[in-house]
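Colleague: I have a structure here, written as structure tokens, and I will follow up with some questions on it.
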Amino acid sequence: MADDGSGALQAGQTGLVVRIPEAEPAVRAWRERLDPSAGEGVPAHVTVLFPFLDERRIDRDTHTALGEVIGRHRPFEVRFARCGGFPGILYLAPEPEAPFRRLTEAIADRWPEAPPYGGQFDDVVPHLTVAQGQDATVLADVGTDLRGRLPVTACVSAVDLMVHDGVRWRLRASFPLQGRPVPQP
């Protein structure tokens, strides 16, 4: 989940993500080989906010506040029709990306002590990571394969709170967007 290259995850770290199960057939094999978060239990997803609060700080009031902030946003359709990249990273680009940005901004505004990616980047680009820590040749090969599997479309109806237990990421809670029921994994 930490596309910042740090790789140093600790028990109790949390993140907020939108699961994209519709992308799994296209990306699962690549993610299992080339994205360490897949091996730690993170499904295909777009990160909304990482890192979020330490798990010890997430109580009933935090759950209620998250539900309120996330519940102000409407469900939306998203399409992944192209690949994008950062240095050493290949991702699927969501279209539109604005609803993801609005979710990130709303949560970061409510919890300013938890800026996206620790405040490391001026612009947080919504994306679904497929491969990271790879050279350009590998990323180009993956991109070529993925283009034949796109587009992928999905309906976004919830944001999930994931917690790292020191070894794996676990789903702790799901928060529906504006009144939609949340499908359980």
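In the structure tokens, each chain is lettered A, B, ... as it comes, each chain's residues begin at 1, and ligands are numbered from 1 in order of appearance.
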Write out as a PyMOL selection string each polymer residue whose atoms come within 10 Å of Leu171 of chain A, counting only C-alpha atoms; drop sequence neighbours fewer than 6 positions from it.

Modeller: chain A and resi 14-17+41-42+160-164+184-185

Colleague: Ranking A:Gly67, A:Arg102, A:Ile89, A:Arg149 by minimum distance to Pro36 of chain A and counting only C-alpha atoms, which one comes first?

Modeller: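 Checking each candidate against Pro36 of chain A, we get A:Ile89 as the closest.
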
Colleague: Would you please extract all helix (DSSP H, G or I) residues from segment 6-129 of chain A, as assigned by DSSP on the backbone, and give them as a PyMOL selection string?

Modeller: chain A and resi 21-34+36-39+55-57+60-71+98-110+116-119

Colleague: Would you output that residue set with N, CA and C atoms, as a CSV table (one decimal), in the first residue's frame?

Modeller:
```csv
chain,number,residue,atom,x,y,z
A,21,PRO,N,-12.5,-5.0,-7.1
A,21,PRO,CA,-12.4,-6.5,-7.5
A,21,PRO,C,-12.6,-6.7,-9.0
A,22,GLU,N,-13.2,-5.8,-9.7
A,22,GLU,CA,-13.4,-6.0,-11.1
A,22,GLU,C,-12.0,-6.0,-11.8
A,23,ALA,N,-11.0,-5.4,-11.2
A,23,ALA,CA,-9.7,-5.4,-11.8
A,23,ALA,C,-8.8,-6.7,-11.6
A,24,GLU,N,-9.3,-7.5,-10.6
A,24,GLU,CA,-8.5,-8.6,-10.2
A,24,GLU,C,-8.1,-9.5,-11.4
A,25,PRO,N,-9.1,-9.9,-12.3
A,25,PRO,CA,-8.7,-10.8,-13.4
A,25,PRO,C,-7.6,-10.2,-14.3
A,26,ALA,N,-7.5,-8.9,-14.5
A,26,ALA,CA,-6.5,-8.3,-15.3
A,26,ALA,C,-5.2,-8.1,-14.6
A,27,VAL,N,-5.2,-7.9,-13.3
A,27,VAL,CA,-3.9,-7.5,-12.6
A,27,VAL,C,-3.4,-8.5,-11.6
A,28,ARG,N,-4.2,-9.5,-11.1
A,28,ARG,CA,-3.8,-10.3,-10.0
A,28,ARG,C,-2.5,-11.0,-10.2
A,29,ALA,N,-2.2,-11.6,-11.4
A,29,ALA,CA,-1.0,-12.3,-11.6
A,29,ALA,C,0.2,-11.4,-11.5
A,30,TRP,N,0.1,-10.2,-12.1
A,30,TRP,CA,1.2,-9.2,-12.1
A,30,TRP,C,1.4,-8.7,-10.7
A,31,ARG,N,0.3,-8.4,-10.0
A,31,ARG,CA,0.4,-7.9,-8.6
A,31,ARG,C,1.1,-8.9,-7.7
A,32,GLU,N,0.7,-10.2,-7.8
A,32,GLU,CA,1.3,-11.2,-7.0
A,32,GLU,C,2.8,-11.3,-7.2
A,33,ARG,N,3.2,-11.1,-8.4
A,33,ARG,CA,4.7,-11.1,-8.7
A,33,ARG,C,5.4,-9.8,-8.4
A,34,LEU,N,4.8,-8.7,-8.6
A,34,LEU,CA,5.5,-7.4,-8.7
A,34,LEU,C,5.0,-6.3,-7.8
A,36,PRO,N,4.5,-5.9,-3.7
A,36,PRO,CA,4.6,-6.5,-2.4
A,36,PRO,C,3.3,-6.5,-1.6
A,37,SER,N,2.5,-5.4,-1.7
A,37,SER,CA,1.2,-5.3,-0.9
A,37,SER,C,0.3,-6.4,-1.2
A,38,ALA,N,0.3,-7.0,-2.5
A,38,ALA,CA,-0.6,-8.1,-2.8
A,38,ALA,C,-0.3,-9.3,-1.9
A,39,GLY,N,1.0,-9.6,-1.7
A,39,GLY,CA,1.4,-10.7,-0.9
A,39,GLY,C,1.1,-10.5,0.6
A,55,GLU,N,-3.8,2.4,14.6
A,55,GLU,CA,-4.9,1.6,15.0
A,55,GLU,C,-5.4,1.9,16.4
A,56,ARG,N,-4.5,2.2,17.3
A,56,ARG,CA,-4.9,2.5,18.7
A,56,ARG,C,-5.7,3.8,18.8
A,57,ARG,N,-5.7,4.6,17.8
A,57,ARG,CA,-6.4,5.9,17.8
A,57,ARG,C,-7.8,5.7,17.2
A,60,ARG,N,-14.7,4.2,18.5
A,60,ARG,CA,-16.1,4.3,18.0
A,60,ARG,C,-16.3,5.7,17.4
A,61,ASP,N,-15.8,6.8,18.1
A,61,ASP,CA,-16.0,8.1,17.5
A,61,ASP,C,-15.3,8.3,16.2
A,62,THR,N,-14.1,7.7,16.0
A,62,THR,CA,-13.4,7.8,14.7
A,62,THR,C,-14.2,7.1,13.6
A,63,HIS,N,-14.8,5.9,14.0
A,63,HIS,CA,-15.6,5.2,13.0
A,63,HIS,C,-16.8,6.0,12.6
A,64,THR,N,-17.5,6.6,13.6
A,64,THR,CA,-18.6,7.4,13.3
A,64,THR,C,-18.2,8.6,12.4
A,65,ALA,N,-17.1,9.3,12.7
A,65,ALA,CA,-16.7,10.4,11.9
A,65,ALA,C,-16.3,10.0,10.5
A,66,LEU,N,-15.6,8.8,10.4
A,66,LEU,CA,-15.3,8.3,9.0
A,66,LEU,C,-16.6,8.0,8.2
A,67,GLY,N,-17.5,7.4,8.9
A,67,GLY,CA,-18.8,7.1,8.2
A,67,GLY,C,-19.5,8.4,7.7
A,68,GLU,N,-19.4,9.4,8.6
A,68,GLU,CA,-20.1,10.7,8.2
A,68,GLU,C,-19.3,11.3,7.0
A,69,VAL,N,-18.0,11.4,7.1
A,69,VAL,CA,-17.2,12.1,6.0
A,69,VAL,C,-17.4,11.3,4.7
A,70,ILE,N,-17.2,10.0,4.7
A,70,ILE,CA,-17.3,9.2,3.5
A,70,ILE,C,-18.7,9.1,3.0
A,71,GLY,N,-19.7,9.1,3.9
A,71,GLY,CA,-21.1,9.0,3.5
A,71,GLY,C,-21.6,10.3,2.8
A,98,ALA,N,-11.3,12.5,-10.2
A,98,ALA,CA,-11.8,13.5,-9.3
A,98,ALA,C,-12.6,13.0,-8.0
A,99,PRO,N,-13.4,12.0,-8.2
A,99,PRO,CA,-14.1,11.5,-6.9
A,99,PRO,C,-13.1,10.9,-5.9
A,100,PHE,N,-12.0,10.3,-6.4
A,100,PHE,CA,-11.0,9.8,-5.4
A,100,PHE,C,-10.3,10.9,-4.8
A,101,ARG,N,-10.0,12.0,-5.5
A,101,ARG,CA,-9.3,13.2,-5.0
A,101,ARG,C,-10.2,13.8,-3.9
A,102,ARG,N,-11.5,13.9,-4.2
A,102,ARG,CA,-12.4,14.5,-3.2
A,102,ARG,C,-12.5,13.7,-1.9
A,103,LEU,N,-12.5,12.4,-2.0
A,103,LEU,CA,-12.5,11.6,-0.8
A,103,LEU,C,-11.3,11.8,0.0
A,104,THR,N,-10.1,11.8,-0.7
A,104,THR,CA,-8.8,12.0,0.0
A,104,THR,C,-8.8,13.4,0.7
A,105,GLU,N,-9.2,14.4,-0.1
A,105,GLU,CA,-9.2,15.7,0.5
A,105,GLU,C,-10.1,15.9,1.7
A,106,ALA,N,-11.3,15.3,1.6
A,106,ALA,CA,-12.3,15.4,2.7
A,106,ALA,C,-11.7,14.7,4.0
A,107,ILE,N,-11.1,13.5,3.8
A,107,ILE,CA,-10.6,12.8,5.0
A,107,ILE,C,-9.4,13.5,5.5
A,108,ALA,N,-8.5,14.0,4.7
A,108,ALA,CA,-7.3,14.7,5.1
A,108,ALA,C,-7.7,16.0,5.8
A,109,ASP,N,-8.7,16.7,5.3
A,109,ASP,CA,-9.2,17.9,6.0
A,109,ASP,C,-9.7,17.6,7.4
A,110,ARG,N,-10.4,16.5,7.5
A,110,ARG,CA,-11.0,16.1,8.9
A,110,ARG,C,-9.9,15.7,9.8
A,116,PRO,N,-2.0,12.7,3.2
A,116,PRO,CA,-1.7,11.6,2.3
A,116,PRO,C,-0.2,11.3,2.1
A,117,TYR,N,0.2,10.1,2.2
A,117,TYR,CA,1.6,9.6,2.1
A,117,TYR,C,2.5,10.4,3.0
A,118,GLY,N,2.0,10.8,4.2
A,118,GLY,CA,2.8,11.5,5.2
A,118,GLY,C,3.2,12.9,4.7
A,119,GLY,N,2.5,13.5,3.7
A,119,GLY,CA,2.8,14.8,3.2
A,119,GLY,C,4.0,14.8,2.2
```

Colleague: Mind listing the strand (DSSP E) residues of chain A, per DSSP on the backbone, as number ranges by chain?

Modeller: A: 14-19, 45-49, 76-86, 89-95, 128-132, 152-156, 158-164, 169-176

Colleague: Check the smallest atom-to-atom distance from each of A:Phe52, A:Trp111, A:Phe80, A:Trp169 to His127 of chain A using only C-alpha atoms, then report the winner.

Modeller: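 Going through A:Phe52, A:Trp111, A:Phe80, A:Trp169 one by one, the smallest distance to His127 of chain A is for A:Phe80.
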
Colleague: In Å, with one decimal, what is the gap from atom CA of Phe86 of chain A to atom CA of Val142 of chain A?

Modeller: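 One can read the atom CA of Phe86 of chain A to atom CA of Val142 of chain A distance as 14.2 Å.
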
Colleague: Quick one: of A:Asp59, A:Ala136, A:Asp165, A:Ser157, who's nearest to His73 of chain A, counting only C-alpha atoms?

Modeller: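 Nearest to His73 of chain A: A:Ser157.
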
Colleague: Which distance in Å separates atom CA of Asp122 of chain A and atom CA of Leu53 of chain A, to one decimal?

Modeller: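 Computing the Euclidean distance for atom CA of Asp122 of chain A and atom CA of Leu53 of chain A yields 20.1 Å.
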
Colleague: Restricting the calculation to only C-alpha atoms, which member of A:Ile58, A:Val18, A:Leu146, A:Ala11 is positioned closest to Pro176 of chain A?

Modeller: A:Val18
